[in-house]
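Below is one structure, written out as structure tokens; the observations come after it.
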Amino acid sequence: MDTHPAGEDFWEVAGRRFRSRLIVGTGKYKDLEETAAAIAASGAEIVTVAVRRVNLSDPKAPMLQDYVDPKRYTYLPNTAGCHTAKDAVRTLRLAREAGGWNLVKLEVLGPPPTLYPDMPATFEAAEALIKDGFEVMVYCADDPVASLRLQEMGCVAVMPLGAPIGSGLGIQNPAMIMMMREAAKVPFLVDAGVGTASDAAIAMELGCDAVLLNSAIAHAKDPVRMAVAMKHAVIAGRLAYLAGRMPRRMGADPSSPLTGLIR
């Protein structure tokens, strides 16, 4: 737990400090106005940017920077849509050239229909990017061996999926997520699979440092309202984790004492 001397709860990644433990994406919205409104409502301080899909450099077309101010938000370029290590590394090198971004999100996906993280390609790309001076937050399988290896390589954050990307199925393997979290020596986030506010709260209750999501807000019937729900869910889940839940037990335990009853 990272707690400011004055009692403020925060988390750090690659030497950067953040209050919000919700990271949101910038894609899949109906337009950039809705994107901006939902991100503002979420309270997020970090936004992921799909370098291959979002206009960051063509002034003749609507640009994300005009709606989501890079002076207000930390941009986290990612490799969404990359299926090989070579494409992922090239994409992030181009992003750094275009915007100077060094903190990045790496994801290398396997084929449809699962789009499960391709871990051999992820290792290959992570090694090249770290050697190139990038600070790599890495999307990965819910695999404790892979998580440990990525940390040992020098990744600054490990981010296993809760469920297949874009599925909205929620946290499918909470026991493994919890065990991975307990062994993590770098920031640990759930990334992918969150569908609604309760999923985000569960991820935080398991001890995650933050939650990263996009489709759950962008594909909601009311994205701005869902963004607010996610903001509060992450806060509630974090507070519940810090508070320490009551033990589970088989059988009832009366909330009032059984002795001294009026007869």
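Letters for chains follow the order of the structure tokens (A, B, ...), residue numbers begin at 1 for each chain, and ligand numbers begin at 1 in the order shown.
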
> Contacts of region 15-31 of chain A at 8 Å or less, counting only C-alpha atoms, minus same-chain residues fewer than 2 places along, as a ChimeraX atom specification?
Replying inline: /A:9-13,33-35,39,42-50,54,209-215,218-219,230-231,234-235

Could those residues be written to a file, using N, CA and C atoms, as a JSON list (two decimals), in the first residue's frame?
```
[["chain", "number", "residue", "atom", "x", "y", "z"],
["A", 9, "ASP", "N", -4.20, 8.41, -0.39],
["A", 9, "ASP", "CA", -3.89, 7.13, -1.01],
["A", 9, "ASP", "C", -3.49, 7.36, -2.46],
["A", 10, "PHE", "N", -2.36, 6.83, -2.86],
["A", 10, "PHE", "CA", -1.92, 6.98, -4.25],
["A", 10, "PHE", "C", -1.16, 5.73, -4.67],
["A", 11, "TRP", "N", -0.83, 5.66, -5.94],
["A", 11, "TRP", "CA", 0.01, 4.57, -6.43],
["A", 11, "TRP", "C", 1.03, 5.15, -7.40],
["A", 12, "GLU", "N", 2.12, 4.42, -7.60],
["A", 12, "GLU", "CA", 3.19, 4.90, -8.45],
["A", 12, "GLU", "C", 3.56, 3.86, -9.49],
["A", 13, "VAL", "N", 3.90, 4.35, -10.67],
["A", 13, "VAL", "CA", 4.44, 3.48, -11.72],
["A", 13, "VAL", "C", 5.54, 4.26, -12.43],
["A", 33, "GLU", "N", -16.21, 13.86, -28.93],
["A", 33, "GLU", "CA", -16.91, 14.60, -27.87],
["A", 33, "GLU", "C", -17.33, 13.65, -26.75],
["A", 34, "GLU", "N", -17.88, 12.51, -27.14],
["A", 34, "GLU", "CA", -18.28, 11.52, -26.14],
["A", 34, "GLU", "C", -17.05, 10.95, -25.42],
["A", 35, "THR", "N", -15.98, 10.75, -26.17],
["A", 35, "THR", "CA", -14.73, 10.28, -25.57],
["A", 35, "THR", "C", -14.29, 11.21, -24.45],
["A", 39, "ILE", "N", -14.24, 10.33, -20.36],
["A", 39, "ILE", "CA", -12.94, 10.32, -19.65],
["A", 39, "ILE", "C", -12.96, 11.31, -18.50],
["A", 42, "SER", "N", -14.87, 9.91, -15.61],
["A", 42, "SER", "CA", -14.23, 8.77, -14.95],
["A", 42, "SER", "C", -13.24, 9.18, -13.87],
["A", 43, "GLY", "N", -12.75, 10.41, -13.95],
["A", 43, "GLY", "CA", -11.73, 10.85, -13.02],
["A", 43, "GLY", "C", -10.36, 10.28, -13.29],
["A", 44, "ALA", "N", -10.19, 9.57, -14.40],
["A", 44, "ALA", "CA", -8.91, 8.94, -14.72],
["A", 44, "ALA", "C", -7.83, 10.00, -14.97],
["A", 45, "GLU", "N", -6.60, 9.64, -14.66],
["A", 45, "GLU", "CA", -5.46, 10.50, -14.93],
["A", 45, "GLU", "C", -4.59, 9.95, -16.06],
["A", 46, "ILE", "N", -4.73, 8.65, -16.33],
["A", 46, "ILE", "CA", -4.00, 7.99, -17.42],
["A", 46, "ILE", "C", -5.01, 7.51, -18.45],
["A", 47, "VAL", "N", -4.73, 7.77, -19.73],
["A", 47, "VAL", "CA", -5.58, 7.27, -20.80],
["A", 47, "VAL", "C", -4.72, 6.49, -21.80],
["A", 48, "THR", "N", -5.21, 5.34, -22.20],
["A", 48, "THR", "CA", -4.48, 4.57, -23.20],
["A", 48, "THR", "C", -4.86, 5.06, -24.60],
["A", 49, "VAL", "N", -3.87, 5.02, -25.48],
["A", 49, "VAL", "CA", -4.05, 5.51, -26.84],
["A", 49, "VAL", "C", -3.57, 4.43, -27.81],
["A", 50, "ALA", "N", -4.47, 3.93, -28.63],
["A", 50, "ALA", "CA", -4.10, 2.94, -29.63],
["A", 50, "ALA", "C", -3.41, 3.66, -30.78],
["A", 54, "VAL", "N", -5.74, 5.74, -33.63],
["A", 54, "VAL", "CA", -6.16, 7.08, -33.23],
["A", 54, "VAL", "C", -5.31, 8.12, -33.95],
["A", 209, "ASP", "N", -3.58, -2.76, -7.91],
["A", 209, "ASP", "CA", -3.23, -1.36, -7.72],
["A", 209, "ASP", "C", -4.12, -0.45, -8.54],
["A", 210, "ALA", "N", -4.62, -0.95, -9.66],
["A", 210, "ALA", "CA", -5.50, -0.16, -10.52],
["A", 210, "ALA", "C", -6.22, -1.10, -11.47],
["A", 211, "VAL", "N", -7.16, -0.54, -12.21],
["A", 211, "VAL", "CA", -7.91, -1.29, -13.22],
["A", 211, "VAL", "C", -7.85, -0.52, -14.53],
["A", 212, "LEU", "N", -7.62, -1.23, -15.61],
["A", 212, "LEU", "CA", -7.58, -0.63, -16.94],
["A", 212, "LEU", "C", -8.75, -1.18, -17.76],
["A", 213, "LEU", "N", -9.53, -0.30, -18.36],
["A", 213, "LEU", "CA", -10.68, -0.76, -19.14],
["A", 213, "LEU", "C", -11.02, 0.25, -20.23],
["A", 214, "ASN", "N", -11.77, -0.22, -21.21],
["A", 214, "ASN", "CA", -12.22, 0.66, -22.29],
["A", 214, "ASN", "C", -13.64, 0.31, -22.72],
["A", 215, "SER", "N", -13.84, -0.92, -23.21],
["A", 215, "SER", "CA", -15.14, -1.29, -23.78],
["A", 215, "SER", "C", -16.28, -1.15, -22.79],
["A", 218, "ALA", "N", -17.12, 2.54, -23.10],
["A", 218, "ALA", "CA", -17.43, 2.98, -24.46],
["A", 218, "ALA", "C", -18.65, 2.27, -25.05],
["A", 219, "HIS", "N", -18.88, 1.02, -24.68],
["A", 219, "HIS", "CA", -20.00, 0.25, -25.23],
["A", 219, "HIS", "C", -21.24, 0.27, -24.35],
["A", 230, "MET", "N", -17.84, 3.48, -12.79],
["A", 230, "MET", "CA", -16.53, 2.85, -12.68],
["A", 230, "MET", "C", -15.62, 3.61, -11.72],
["A", 231, "LYS", "N", -15.70, 4.92, -11.76],
["A", 231, "LYS", "CA", -14.91, 5.74, -10.84],
["A", 231, "LYS", "C", -15.20, 5.35, -9.39],
["A", 234, "VAL", "N", -14.14, 1.61, -8.38],
["A", 234, "VAL", "CA", -12.72, 1.46, -8.08],
["A", 234, "VAL", "C", -12.41, 2.02, -6.70],
["A", 235, "ILE", "N", -13.00, 3.15, -6.37],
["A", 235, "ILE", "CA", -12.79, 3.72, -5.03],
["A", 235, "ILE", "C", -13.34, 2.78, -3.96]]
```

>> Going by DSSP on the backbone, which residues of region 67-154 of chain A come out as alpha helix (DSSP H)? List them as a PyMOL selection string.
In response: chain A and resi 85-99+119-131+144-153

Deliver the residues from the most recent selection as a file, using N, CA and C atoms, as an mmCIF file, in the first residue's frame.
```cif
data_model
loop_
_atom_site.group_PDB
_atom_site.id
_atom_site.type_symbol
_atom_site.label_atom_id
_atom_site.label_comp_id
_atom_site.auth_asym_id
_atom_site.auth_seq_id
_atom_site.Cartn_x
_atom_site.Cartn_y
_atom_site.Cartn_z
ATOM 1 N N ALA A 85 5.616 -9.429 -32.399
ATOM 2 C CA ALA A 85 6.539 -8.620 -31.615
ATOM 3 C C ALA A 85 7.101 -7.485 -32.460
ATOM 4 N N LYS A 86 7.403 -7.764 -33.717
ATOM 5 C CA LYS A 86 7.979 -6.760 -34.606
ATOM 6 C C LYS A 86 7.044 -5.571 -34.772
ATOM 7 N N ASP A 87 5.751 -5.841 -34.994
ATOM 8 C CA ASP A 87 4.782 -4.757 -35.160
ATOM 9 C C ASP A 87 4.637 -3.943 -33.870
ATOM 10 N N ALA A 88 4.638 -4.632 -32.735
ATOM 11 C CA ALA A 88 4.475 -3.934 -31.458
ATOM 12 C C ALA A 88 5.645 -2.997 -31.192
ATOM 13 N N VAL A 89 6.862 -3.484 -31.410
ATOM 14 C CA VAL A 89 8.051 -2.667 -31.173
ATOM 15 C C VAL A 89 8.072 -1.482 -32.125
ATOM 16 N N ARG A 90 7.781 -1.717 -33.382
ATOM 17 C CA ARG A 90 7.769 -0.638 -34.376
ATOM 18 C C ARG A 90 6.726 0.421 -34.018
ATOM 19 N N THR A 91 5.547 -0.012 -33.592
ATOM 20 C CA THR A 91 4.472 0.914 -33.242
ATOM 21 C C THR A 91 4.879 1.838 -32.105
ATOM 22 N N LEU A 92 5.502 1.297 -31.081
ATOM 23 C CA LEU A 92 5.875 2.124 -29.933
ATOM 24 C C LEU A 92 7.078 3.005 -30.230
ATOM 25 N N ARG A 93 7.945 2.573 -31.092
ATOM 26 C CA ARG A 93 9.045 3.448 -31.508
ATOM 27 C C ARG A 93 8.505 4.639 -32.284
ATOM 28 N N LEU A 94 7.519 4.407 -33.134
ATOM 29 C CA LEU A 94 6.890 5.504 -33.871
ATOM 30 C C LEU A 94 6.167 6.449 -32.914
ATOM 31 N N ALA A 95 5.521 5.884 -31.893
ATOM 32 C CA ALA A 95 4.820 6.717 -30.912
ATOM 33 C C ALA A 95 5.801 7.618 -30.172
ATOM 34 N N ARG A 96 6.945 7.086 -29.816
ATOM 35 C CA ARG A 96 7.928 7.901 -29.114
ATOM 36 C C ARG A 96 8.468 9.007 -30.010
ATOM 37 N N GLU A 97 8.660 8.692 -31.261
ATOM 38 C CA GLU A 97 9.123 9.719 -32.206
ATOM 39 C C GLU A 97 8.080 10.812 -32.373
ATOM 40 N N ALA A 98 6.803 10.421 -32.379
ATOM 41 C CA ALA A 98 5.735 11.389 -32.628
ATOM 42 C C ALA A 98 5.440 12.259 -31.413
ATOM 43 N N GLY A 99 5.454 11.651 -30.214
ATOM 44 C CA GLY A 99 5.040 12.415 -29.035
ATOM 45 C C GLY A 99 5.992 12.397 -27.880
ATOM 46 N N MET A 119 2.165 -14.906 -25.393
ATOM 47 C CA MET A 119 3.229 -14.660 -24.431
ATOM 48 C C MET A 119 4.643 -14.782 -25.014
ATOM 49 N N PRO A 120 4.945 -15.744 -25.884
ATOM 50 C CA PRO A 120 6.292 -15.747 -26.479
ATOM 51 C C PRO A 120 6.598 -14.443 -27.225
ATOM 52 N N ALA A 121 5.625 -13.943 -27.986
ATOM 53 C CA ALA A 121 5.824 -12.679 -28.699
ATOM 54 C C ALA A 121 5.894 -11.504 -27.731
ATOM 55 N N THR A 122 5.141 -11.576 -26.645
ATOM 56 C CA THR A 122 5.179 -10.522 -25.627
ATOM 57 C C THR A 122 6.560 -10.448 -24.977
ATOM 58 N N PHE A 123 7.123 -11.590 -24.633
ATOM 59 C CA PHE A 123 8.480 -11.615 -24.068
ATOM 60 C C PHE A 123 9.494 -11.015 -25.038
ATOM 61 N N GLU A 124 9.370 -11.382 -26.302
ATOM 62 C CA GLU A 124 10.300 -10.890 -27.314
ATOM 63 C C GLU A 124 10.211 -9.371 -27.435
ATOM 64 N N ALA A 125 8.987 -8.860 -27.508
ATOM 65 C CA ALA A 125 8.795 -7.419 -27.650
ATOM 66 C C ALA A 125 9.236 -6.673 -26.395
ATOM 67 N N ALA A 126 8.903 -7.205 -25.232
ATOM 68 C CA ALA A 126 9.278 -6.551 -23.977
ATOM 69 C C ALA A 126 10.792 -6.429 -23.863
ATOM 70 N N GLU A 127 11.495 -7.479 -24.217
ATOM 71 C CA GLU A 127 12.953 -7.451 -24.146
ATOM 72 C C GLU A 127 13.529 -6.355 -25.046
ATOM 73 N N ALA A 128 13.006 -6.259 -26.275
ATOM 74 C CA ALA A 128 13.503 -5.253 -27.217
ATOM 75 C C ALA A 128 13.186 -3.842 -26.743
ATOM 76 N N LEU A 129 11.985 -3.643 -26.211
ATOM 77 C CA LEU A 129 11.572 -2.311 -25.776
ATOM 78 C C LEU A 129 12.348 -1.855 -24.538
ATOM 79 N N ILE A 130 12.549 -2.748 -23.597
ATOM 80 C CA ILE A 130 13.301 -2.396 -22.394
ATOM 81 C C ILE A 130 14.741 -2.051 -22.763
ATOM 82 N N LYS A 131 15.307 -2.819 -23.679
ATOM 83 C CA LYS A 131 16.670 -2.539 -24.149
ATOM 84 C C LYS A 131 16.735 -1.181 -24.836
ATOM 85 N N PRO A 144 1.153 -16.939 -13.384
ATOM 86 C CA PRO A 144 2.132 -16.445 -12.416
ATOM 87 C C PRO A 144 3.577 -16.594 -12.874
ATOM 88 N N VAL A 145 3.865 -17.627 -13.673
ATOM 89 C CA VAL A 145 5.226 -17.812 -14.175
ATOM 90 C C VAL A 145 5.581 -16.696 -15.158
ATOM 91 N N ALA A 146 4.646 -16.384 -16.056
ATOM 92 C CA ALA A 146 4.867 -15.302 -17.014
ATOM 93 C C ALA A 146 4.999 -13.965 -16.300
ATOM 94 N N SER A 147 4.174 -13.752 -15.287
ATOM 95 C CA SER A 147 4.217 -12.497 -14.536
ATOM 96 C C SER A 147 5.577 -12.292 -13.885
ATOM 97 N N LEU A 148 6.090 -13.346 -13.262
ATOM 98 C CA LEU A 148 7.393 -13.250 -12.604
ATOM 99 C C LEU A 148 8.498 -12.966 -13.620
ATOM 100 N N ARG A 149 8.444 -13.639 -14.765
ATOM 101 C CA ARG A 149 9.473 -13.435 -15.778
ATOM 102 C C ARG A 149 9.449 -12.005 -16.297
ATOM 103 N N LEU A 150 8.267 -11.454 -16.527
ATOM 104 C CA LEU A 150 8.153 -10.080 -17.024
ATOM 105 C C LEU A 150 8.712 -9.081 -16.014
ATOM 106 N N GLN A 151 8.477 -9.333 -14.736
ATOM 107 C CA GLN A 151 9.031 -8.461 -13.705
ATOM 108 C C GLN A 151 10.548 -8.541 -13.676
ATOM 109 N N GLU A 152 11.068 -9.752 -13.788
ATOM 110 C CA GLU A 152 12.522 -9.942 -13.770
ATOM 111 C C GLU A 152 13.187 -9.300 -14.977
ATOM 112 N N MET A 153 12.460 -9.233 -16.096
ATOM 113 C CA MET A 153 12.997 -8.594 -17.296
ATOM 114 C C MET A 153 13.120 -7.085 -17.132
#
```

> For Leu76 (chain A), which of A:Val136, A:Val194, A:Val158, A:Ala236 is the closest residue, counting only C-alpha atoms?
Replying inline: A:Val136

Neighbour list for Gly166 (chain A) as an mmCIF file with N, CA and C atoms, in the first residue's frame, cut-off 8 Å, only C-alpha atoms, skip fewer than 5 positions in-chain:
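Writing the result to out-v5.cif gives the following:
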```cif
data_model
loop_
_atom_site.group_PDB
_atom_site.id
_atom_site.type_symbol
_atom_site.label_atom_id
_atom_site.label_comp_id
_atom_site.auth_asym_id
_atom_site.auth_seq_id
_atom_site.Cartn_x
_atom_site.Cartn_y
_atom_site.Cartn_z
ATOM 1 N N ALA A 192 -8.517 -5.789 -19.136
ATOM 2 C CA ALA A 192 -9.362 -6.546 -20.082
ATOM 3 C C ALA A 192 -10.347 -7.447 -19.350
ATOM 4 N N GLY A 193 -11.565 -7.446 -19.867
ATOM 5 C CA GLY A 193 -12.604 -8.327 -19.363
ATOM 6 C C GLY A 193 -13.620 -7.678 -18.464
ATOM 7 N N SER A 215 -13.840 -0.916 -23.206
ATOM 8 C CA SER A 215 -15.137 -1.287 -23.779
ATOM 9 C C SER A 215 -16.277 -1.149 -22.787
ATOM 10 N N ALA A 216 -16.015 -1.428 -21.514
ATOM 11 C CA ALA A 216 -17.085 -1.387 -20.516
ATOM 12 C C ALA A 216 -17.733 -0.012 -20.434
#
```

> Which neighbours of Thr114 (chain A) fall inside 10 Å, counting only C-alpha atoms, when residues of the same chain fewer than 2 positions from it are skipped, and could you give them as a count of residues only?
Replying inline: 11

Tell me which protein, DNA and RNA residues are within 8 Å of Leu103 (chain A), counting only C-alpha atoms, leaving out same-chain ones fewer than 5 positions away, and put them as a compact mmCIF listing (two decimals) with N, CA and C atoms, in the first residue's frame.
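Wrote it out as part.txt, contents follow:
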```txt
# COMPACT_ATOMS: atom_id res chain seq x y z
N ALA A 14 6.69 3.64 -12.57
CA ALA A 14 7.85 4.26 -13.23
C ALA A 14 8.14 5.66 -12.69
N LEU A 76 -0.86 7.04 -22.50
CA LEU A 76 -0.18 5.74 -22.44
C LEU A 76 -0.36 5.06 -23.80
N PRO A 77 0.57 5.27 -24.73
CA PRO A 77 0.46 4.63 -26.04
C PRO A 77 0.45 3.11 -25.90
N PHE A 134 12.47 1.97 -23.09
CA PHE A 134 11.06 2.18 -22.77
C PHE A 134 10.74 1.70 -21.36
N GLU A 135 9.73 2.33 -20.75
CA GLU A 135 9.17 1.87 -19.48
C GLU A 135 7.88 1.12 -19.84
N VAL A 136 7.92 -0.18 -19.68
CA VAL A 136 6.89 -1.05 -20.27
C VAL A 136 5.90 -1.54 -19.23
N MET A 137 4.65 -1.14 -19.39
CA MET A 137 3.53 -1.75 -18.69
C MET A 137 3.00 -2.83 -19.63
```

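Using only C-alpha atoms, the shortest contact distance between Ala80 (chain A) and any of A:Ile217, A:Leu106, A:Ala243, A:Ala141 is found at A:Leu106.
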
> Using only C-alpha atoms, which residue out of A:Val104, A:Ala36, A:Leu161, A:Ile171 lies closest to Gly133 (chain A)?
Replying inline: A:Val104

>> When you look at Ala40 (chain A) with a cut-off of 9 Å (counting only C-alpha atoms), what residues show up, excluding the ones that are within fewer than 6 positions of it in the same chain? I need them as a PyMOL selection string.
In response: chain A and resi 68+224+227

>> Report as number ranges by chain all protein, DNA and RNA residues lying within 9 Å of Met178 (chain A), evaluated on only C-alpha atoms, omitting residues in the same chain fewer than 5 positions from it.
In response: A: 173, 183, 203, 206-208

For the selection just defined, write its residues with C-alpha atoms to a file, as a compact mmCIF listing (two decimals), in the first residue's frame.
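Okay, this is what ended up in result-v1.txt:
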```txt
# COMPACT_ATOMS: atom_id res chain seq x y z
CA ASN A 173 -10.02 -16.48 -12.28
CA ALA A 183 3.81 -12.18 -5.58
CA ALA A 203 -10.49 -6.44 -9.09
CA LEU A 206 -8.39 -8.59 -4.77
CA GLY A 207 -5.63 -6.06 -4.16
CA CYS A 208 -4.94 -4.73 -7.64
```
